[in-house]
Structures are given as C-alpha cells and as structure tokens.
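Visitor: For reference, this is structure.tsv, and it has TSV, C-alpha atoms.
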```
chain	number	residue	atom	x	y	z
A	24	MET	CA	59.00	26.74	-27.71
A	25	GLY	CA	55.80	28.73	-28.02
A	26	ILE	CA	52.07	29.03	-27.39
A	27	VAL	CA	49.88	26.60	-29.29
A	28	ASP	CA	46.10	26.82	-29.71
A	29	PHE	CA	45.04	23.17	-29.84
A	30	VAL	CA	41.27	23.76	-29.95
A	31	LYS	CA	39.87	26.55	-32.07
A	32	GLY	CA	37.49	28.71	-30.10
A	33	ALA	CA	38.58	27.31	-26.74
A	34	SER	CA	39.12	29.58	-23.75
A	35	TYR	CA	42.62	28.27	-23.09
A	36	ASN	CA	45.91	27.73	-24.89
A	37	ALA	CA	48.86	25.43	-24.23
A	38	PHE	CA	52.43	26.55	-23.68
A	39	VAL	CA	54.81	24.00	-25.24
A	40	LEU	CA	58.50	23.83	-24.37
A	41	PRO	CA	61.27	21.19	-24.49
A	42	GLU	CA	61.63	18.67	-21.69
A	43	GLU	CA	65.08	20.05	-20.86
A	44	GLU	CA	63.48	23.39	-19.97
A	45	LEU	CA	61.02	21.60	-17.70
A	46	HIS	CA	63.88	20.09	-15.70
A	47	VAL	CA	65.45	23.54	-15.38
A	48	LEU	CA	62.20	25.09	-14.15
A	49	TYR	CA	61.29	22.18	-11.86
A	50	PRO	CA	64.54	20.40	-10.82
A	51	GLU	CA	62.76	18.50	-8.04
A	52	ALA	CA	60.57	16.61	-10.56
A	53	ALA	CA	62.22	13.46	-11.91
A	54	ASP	CA	59.48	12.41	-14.32
A	55	PHE	CA	56.89	14.55	-16.09
A	56	THR	CA	55.00	11.61	-17.63
A	57	VAL	CA	53.67	9.89	-14.49
A	58	CYS	CA	49.99	8.92	-14.65
A	59	ILE	CA	48.12	7.95	-11.46
A	60	ASN	CA	44.75	6.20	-11.61
A	61	ILE	CA	42.44	6.57	-8.59
A	62	HIS	CA	39.67	3.97	-8.36
A	63	THR	CA	36.56	4.57	-6.29
A	64	VAL	CA	33.48	2.45	-5.72
A	65	GLN	CA	31.17	5.34	-6.55
A	66	THR	CA	32.12	8.75	-7.83
A	67	SER	CA	30.43	12.02	-6.98
A	68	ASP	CA	30.93	15.70	-7.64
A	69	ALA	CA	32.01	16.23	-4.03
A	70	GLN	CA	34.81	13.67	-4.39
A	71	ARG	CA	35.97	15.30	-7.61
A	72	GLN	CA	36.05	18.75	-6.01
A	73	GLN	CA	38.05	17.43	-3.04
A	74	LEU	CA	40.54	15.79	-5.40
A	75	TYR	CA	40.92	18.97	-7.43
A	76	ALA	CA	41.49	20.98	-4.23
A	77	ALA	CA	44.07	18.50	-2.89
A	78	LEU	CA	46.06	18.54	-6.12
A	79	ASP	CA	45.96	22.23	-6.85
A	80	ASP	CA	49.21	22.23	-8.81
A	81	PRO	CA	49.61	23.76	-12.29
A	82	ARG	CA	52.01	20.96	-13.21
A	83	VAL	CA	49.33	18.32	-12.63
A	84	SER	CA	46.52	17.63	-15.08
A	85	ILE	CA	43.42	15.98	-13.60
A	86	ALA	CA	40.73	14.21	-15.62
A	87	SER	CA	37.98	11.96	-14.34
A	88	LEU	CA	36.63	8.93	-16.19
A	89	GLU	CA	33.50	10.90	-17.04
A	90	ASP	CA	35.63	13.66	-18.54
A	91	LEU	CA	37.56	11.18	-20.67
A	92	VAL	CA	34.35	9.49	-21.83
A	93	LEU	CA	32.74	12.80	-22.80
A	94	SER	CA	35.90	13.94	-24.58
A	95	THR	CA	36.16	10.65	-26.49
A	96	GLU	CA	32.49	10.73	-27.46
A	97	MET	CA	32.80	14.31	-28.69
A	98	ASN	CA	35.87	13.49	-30.77
A	99	LEU	CA	34.22	10.40	-32.25
A	100	ARG	CA	31.05	12.36	-33.03
A	101	GLN	CA	33.03	15.04	-34.85
A	102	MET	CA	34.97	12.39	-36.75
A	103	MET	CA	31.77	10.57	-37.73
A	104	LEU	CA	30.19	13.81	-38.96
A	105	MET	CA	33.25	14.50	-41.09
A	106	LEU	CA	33.30	10.97	-42.52
A	107	TYR	CA	29.56	10.97	-43.24
A	108	GLY	CA	29.96	14.35	-44.93
A	109	MET	CA	32.63	12.89	-47.18
A	110	ASP	CA	30.41	9.87	-47.90
A	111	ALA	CA	27.49	12.14	-48.77
A	112	PHE	CA	29.67	14.13	-51.17
A	113	ILE	CA	30.95	10.96	-52.85
A	114	ALA	CA	27.39	9.58	-53.12
A	115	LEU	CA	26.15	12.86	-54.62
A	116	PHE	CA	29.03	12.85	-57.10
A	117	ALA	CA	28.17	9.27	-58.07
A	118	LEU	CA	24.50	10.20	-58.62
A	119	VAL	CA	25.51	13.15	-60.81
A	120	ASN	CA	27.75	10.88	-62.89
A	121	PHE	CA	24.92	8.34	-63.15
A	122	ILE	CA	22.50	10.99	-64.42
A	123	ASN	CA	25.10	12.33	-66.84
A	124	THR	CA	25.72	8.85	-68.24
A	125	MET	CA	22.02	8.20	-68.75
A	126	MET	CA	21.43	11.61	-70.37
A	127	THR	CA	24.36	11.10	-72.74
A	128	ASN	CA	23.02	7.68	-73.65
A	129	LEU	CA	19.57	9.11	-74.30
A	130	LEU	CA	20.75	11.99	-76.49
A	131	THR	CA	23.13	9.89	-78.59
A	132	ARG	CA	20.51	7.18	-79.22
A	133	GLN	CA	17.60	9.34	-80.38
A	134	GLN	CA	18.06	8.17	-83.96
A	135	GLU	CA	18.14	4.53	-82.86
A	136	PHE	CA	14.92	4.92	-80.86
A	137	GLY	CA	13.27	6.73	-83.79
A	138	ILE	CA	14.15	3.91	-86.19
A	139	PHE	CA	12.78	1.32	-83.76
A	140	GLN	CA	9.48	3.16	-83.50
A	141	SER	CA	9.29	3.71	-87.25
A	142	VAL	CA	9.23	-0.07	-87.75
A	143	GLY	CA	6.53	-0.74	-85.18
A	144	MET	CA	7.87	-0.25	-81.61
A	145	THR	CA	5.17	1.24	-79.42
A	146	ASN	CA	5.64	3.90	-76.76
A	147	ARG	CA	5.03	1.31	-74.05
A	148	GLN	CA	7.74	-0.96	-75.46
A	149	LEU	CA	10.13	2.00	-75.70
A	150	SER	CA	9.37	2.97	-72.10
A	151	ARG	CA	9.94	-0.62	-70.96
A	152	MET	CA	13.28	-0.83	-72.81
A	153	ILE	CA	14.55	2.46	-71.33
A	154	THR	CA	13.39	1.45	-67.86
A	155	CYS	CA	15.12	-1.94	-68.07
A	156	GLU	CA	18.36	-0.40	-69.32
A	157	CYS	CA	18.31	2.18	-66.54
A	158	LEU	CA	17.58	-0.55	-63.99
A	159	TRP	CA	20.54	-2.49	-65.36
A	160	TYR	CA	22.80	0.48	-64.68
A	161	VAL	CA	21.44	0.67	-61.13
A	162	GLY	CA	22.09	-3.04	-60.57
A	163	VAL	CA	25.67	-2.83	-61.84
A	164	THR	CA	26.32	0.22	-59.65
A	165	LEU	CA	25.01	-1.52	-56.54
A	166	LEU	CA	26.97	-4.68	-57.38
A	167	ILE	CA	30.23	-2.73	-57.65
A	168	THR	CA	29.39	-0.93	-54.40
A	169	LEU	CA	28.72	-4.20	-52.59
A	170	THR	CA	31.84	-5.98	-53.83
A	171	LEU	CA	34.59	-3.46	-54.53
A	172	GLY	CA	33.29	-0.88	-52.08
A	173	THR	CA	33.00	-3.39	-49.23
A	174	ALA	CA	36.48	-4.77	-49.94
A	175	CYS	CA	38.02	-1.27	-49.96
A	176	GLY	CA	36.22	-0.32	-46.75
A	177	ALA	CA	37.31	-3.47	-44.92
A	178	ALA	CA	40.91	-3.04	-46.14
A	179	THR	CA	40.97	0.59	-44.98
A	180	VAL	CA	39.67	-0.31	-41.52
A	181	ARG	CA	42.20	-3.13	-41.24
A	182	ALA	CA	45.04	-0.79	-42.23
A	183	PHE	CA	44.02	1.77	-39.58
A	184	HIS	CA	43.73	-1.05	-37.03
A	185	GLN	CA	47.27	-2.22	-37.75
A	186	VAL	CA	48.65	1.31	-37.56
A	187	GLY	CA	46.82	1.88	-34.28
A	188	LEU	CA	46.08	5.53	-34.99
A	189	PHE	CA	42.50	5.28	-33.69
A	190	GLY	CA	42.97	2.29	-31.39
A	191	SER	CA	41.31	-1.07	-32.00
A	192	MET	CA	38.97	-0.90	-35.00
A	193	THR	CA	36.44	-3.45	-36.30
A	194	TYR	CA	34.74	-3.27	-39.68
A	195	HIS	CA	30.94	-3.11	-39.70
A	196	PHE	CA	28.97	-3.33	-42.93
A	197	PRO	CA	27.23	0.06	-43.52
A	198	ALA	CA	23.78	-1.35	-44.21
A	199	ALA	CA	21.90	1.89	-43.47
A	200	ALA	CA	24.12	3.99	-45.75
A	201	LEU	CA	23.83	1.41	-48.52
A	202	LEU	CA	20.02	1.37	-48.26
A	203	VAL	CA	19.93	5.18	-48.51
A	204	PHE	CA	22.20	5.09	-51.56
A	205	ALA	CA	20.11	2.33	-53.18
A	206	ALA	CA	16.92	4.31	-52.53
A	207	ALA	CA	18.48	7.40	-54.12
A	208	LEU	CA	19.52	5.37	-57.18
A	209	LEU	CA	16.02	3.92	-57.55
A	210	ALA	CA	14.49	7.39	-57.21
A	211	VAL	CA	16.79	8.70	-59.95
A	212	HIS	CA	15.92	5.64	-62.04
A	213	GLY	CA	12.19	6.30	-61.78
A	214	ALA	CA	12.48	10.03	-62.46
A	215	PHE	CA	14.81	9.55	-65.43
A	216	SER	CA	12.60	6.86	-66.99
A	217	LEU	CA	9.61	9.23	-66.97
A	218	PHE	CA	11.69	12.11	-68.27
A	219	ALA	CA	13.24	10.04	-71.08
A	220	VAL	CA	9.90	8.79	-72.39
A	221	ARG	CA	8.32	12.25	-72.30
A	222	PHE	CA	11.39	13.79	-73.92
A	223	LEU	CA	11.29	11.33	-76.82
A	224	GLN	CA	7.54	11.65	-77.25
A	225	SER	CA	7.85	15.43	-77.45
A	226	ARG	CA	9.79	15.07	-80.72
A	227	SER	CA	8.49	13.55	-83.93
A	228	LEU	CA	9.95	10.41	-85.51
A	229	VAL	CA	11.39	12.45	-88.37
A	230	GLU	CA	13.19	14.80	-85.99
A	231	ARG	CA	14.67	11.92	-84.02
A	232	ILE	CA	15.77	10.02	-87.11
A	233	LYS	CA	17.47	13.15	-88.46
A	234	ALA	CA	19.12	13.91	-85.06
```
What would the structure in this file look like if it were written as structure tokens?

Guide:
Amino acid sequence: MGIVDFVKGASYNAFVLPEEELHVLYPEAADFTVCINIHTVQTSDAQRQQLYAALDDPRVSIASLEDLVLSTEMNLRQMMLMLYGMDAFIALFALVNFINTMMTNLLTRQQEFGIFQSVGMTNRQLSRMITCECLWYVGVTLLITLTLGTACGAATVRAFHQVGLFGSMTYHFPAAALLVFAAALLAVHGAFSLFAVRFLQSRSLVERIKA
C-alpha cells in the first residue's frame, strides 16, 4: 500500500492499495473492474462535460475515445523516439568501428603501398585500389545489414507479437533508416579515400617502406 508516481512531472499521483482494502472501504461495490463503453453518433465537448458531471465519483475513471487516442499516440511517439535514439547510437558506433578498421588497415599497409609504388604503381592506381577496397567494406556492411539485420528485426517483432506486450505488431522494412545509413557509409567512404591518398602522398616512398 502506498502512493505511486506513475508519470514523472505529472500534477497527480496514484494511491495503490490491495483489493481487499477496497471492499472494506466500499462494501456496496461488488466489482472494481467494470468497464462501460458509451457509443454516440457524434461526440462534442458539451456531451463530455455532461457525462463527467453525471458520473462525478472518485471511484470512477472516465476517458473518451479522443483521450485514449491521444494517450496512445503520445506513448507511441515517446517509444519511437527512444528506439530511434538507440538506432542512431548503434549506427554511430558502427561508423566509428568502420573508420577504425580502415585506419588500422591503412597504417599497417604503408610498407606494402610503398613497395607497390616503388615498382611502378602510380598515385591514381593507388587511389583507385584504396577506393575499391573501401567500397568493398561498404558493400559487405550493407549486405550484412540487409540479411542478418533484417532477419533479427523481423524475429524481434514476431517475438513481441507473440508475447502481446505491445498488442498486434507487424514488421515493416526500415527503408528510410537503411538509406540514411547507406548514405553515411558512402560519405565516410569518400572522405576516407581522399584522406588516405593524401596521407600516403605526404610521406616519401623511403619512409613508407621503412615504416
């Protein structure tokens, strides 16, 4: 038994107590879980006010269809913001790992690139090779996202649907989120390709071979 604050920052709290105590306080009430639906052809604020006035009882909770719709939309909006925030964090973490992998590959292969250029590879050929390798990483990342990521997403939605925690759920392919992620990968690919070529050109062949 106690006072519970269900909504942080709300102007009301809820007093929770066992059902046995409810029967002691209100012995004339046989059931505290009755729900009555009132259907009208057209609703108005005047009708709602009359209903609230007629049922002015602290034991009765009244909610119109509009109230339920607004409450559901607000809850879904908050949930979507939280989920998209988690997705953005995961995507950012993946981009950081992608950049780290490419930088490690570049630094550990300086000697290899220097040897290639010492036997005749031009800067354009080196730039093309680095760009193609980076594009290969992007393609593999998107392929794993499309296959494994889609399968995990569909399985998660199906599991929540079977549990019934959020009601009936249907999986929809996140095309917009995937396009944003693909655009971010391609942007990183272009920026890294330019950086890698300029970084290698800033050092002489002897320095790279001795690296």

Visitor: Please provide as a ChimeraX atom specification all residues within 8 Å of stretch 202-217 of chain A, with the sequence filter that same-chain residues fewer than 4 positions apart are discarded (counting only C-alpha atoms).

Guide: /A:114,118,122,150,153-154,157-158,161,165,198,221

Visitor: Check the smallest atom-to-atom distance from each of A:Met144, A:Leu99, A:Leu130, A:Val92 to A:Phe222 using only C-alpha atoms, then report the winner.

Guide: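 Selected residue with least distance to A:Phe222: A:Leu130.
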
Visitor: Work out how far atom CA of A:Leu228 is from atom CA of A:Ile138, in Å to one decimal.

Guide: 7.8 Å

Visitor: Would you mind telling me which residue in A:Ala111, A:Phe196, A:Gln185, A:Cys155 lies nearest to A:Thr170 when using all atoms listed in the file?

Guide: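 Result for the nearest residue to A:Thr170: A:Phe196.
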
Visitor: Measuring atom to atom with all atoms listed in the file, identify which of A:Ser84, A:Phe136, A:Phe112, A:Thr145 is nearest to A:Arg226.

Guide: A:Phe136

Visitor: To one decimal place in Å, what is the distance between atom CA of A:Phe218 and atom CA of A:Ile167?

Guide: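 We find that atom CA of A:Phe218 and atom CA of A:Ile167 lie 26.0 Å from each other.
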
Visitor: What does the distance from atom CA of A:Thr131 to atom CA of A:Leu149 come to in Å, to one decimal?

Guide: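 If I compute the distance from atom CA of A:Thr131 to atom CA of A:Leu149, I get 15.5 Å.
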
Visitor: What are the centre and edge lengths in Å, to one decimal, of the axis-aligned box around all listed atoms of stretch 47-59 of chain A with 5 Å added on each side, as AutoDock Vina command-line options?

Guide:
```
--center_x 56.8 --center_y 16.5 --center_z -12.8 --size_x 27.3 --size_y 27.1 --size_z 19.6
```

Visitor: Using only C-alpha atoms, which of the listed residues (A:Ala219, A:Ala174, A:Leu201, A:Ala86) sits closest to A:Asn128?

Guide: A:Ala219

Visitor: Excluding same-chain residues fewer than 6 positions from A:Phe139, what lies within 12 Å of it counting all atoms listed in the file, as JSON, numbers by chain?

Guide: {"A": [132, 133, 145, 146, 148, 149, 152, 228, 231, 232]}

Visitor: Mind checking which residues fall within 12 Å of A:Ser87, counting all atoms listed in the file, ignoring those fewer than 6 positions away in the same chain, and posting them as an MDAnalysis selection string?

Guide: chainID A and resid 59:63 66:68 70:72 74:75 93:94

Visitor: At most 12 Å from (42.9, -0.8, -33.3), file frame, all atoms listed in the file: which residues, as a PDB file with C-alpha atoms, in the frame of the given file?

Guide:
```
ATOM      1  CA  THR A 179      40.970   0.590 -44.980  1.00  0.00           C
ATOM      2  CA  VAL A 180      39.670  -0.310 -41.520  1.00  0.00           C
ATOM      3  CA  ARG A 181      42.200  -3.130 -41.240  1.00  0.00           C
ATOM      4  CA  ALA A 182      45.040  -0.790 -42.230  1.00  0.00           C
ATOM      5  CA  PHE A 183      44.020   1.770 -39.580  1.00  0.00           C
ATOM      6  CA  HIS A 184      43.730  -1.050 -37.030  1.00  0.00           C
ATOM      7  CA  GLN A 185      47.270  -2.220 -37.750  1.00  0.00           C
ATOM      8  CA  VAL A 186      48.650   1.310 -37.560  1.00  0.00           C
ATOM      9  CA  GLY A 187      46.820   1.880 -34.280  1.00  0.00           C
ATOM     10  CA  LEU A 188      46.080   5.530 -34.990  1.00  0.00           C
ATOM     11  CA  PHE A 189      42.500   5.280 -33.690  1.00  0.00           C
ATOM     12  CA  GLY A 190      42.970   2.290 -31.390  1.00  0.00           C
ATOM     13  CA  SER A 191      41.310  -1.070 -32.000  1.00  0.00           C
ATOM     14  CA  MET A 192      38.970  -0.900 -35.000  1.00  0.00           C
ATOM     15  CA  THR A 193      36.440  -3.450 -36.300  1.00  0.00           C
ATOM     16  CA  TYR A 194      34.740  -3.270 -39.680  1.00  0.00           C
TER      17      TYR A 194
END
```

Visitor: Do you know which residues are at most 9 Å from A:Asp110 counting only C-alpha atoms, after dropping those on the same chain fewer than 5 positions away, and could you put them as a list of chain:residue names?

Guide: A:Met105, A:Leu115, A:Ala200

Visitor: Given all atoms listed in the file as the basis, pick out the residue of A:Glu135, A:Glu156, A:Glu89, A:Asp54 nearest to A:Val229.

Guide: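 So, comparing all the options, the nearest one is A:Glu135.
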
Visitor: Which of these, A:Thr56, A:Tyr160, A:Thr173, A:Ser227, has the shortest distance to A:Thr124 once you count only C-alpha atoms?

Guide: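 The answer is A:Tyr160, which sits nearest to A:Thr124.
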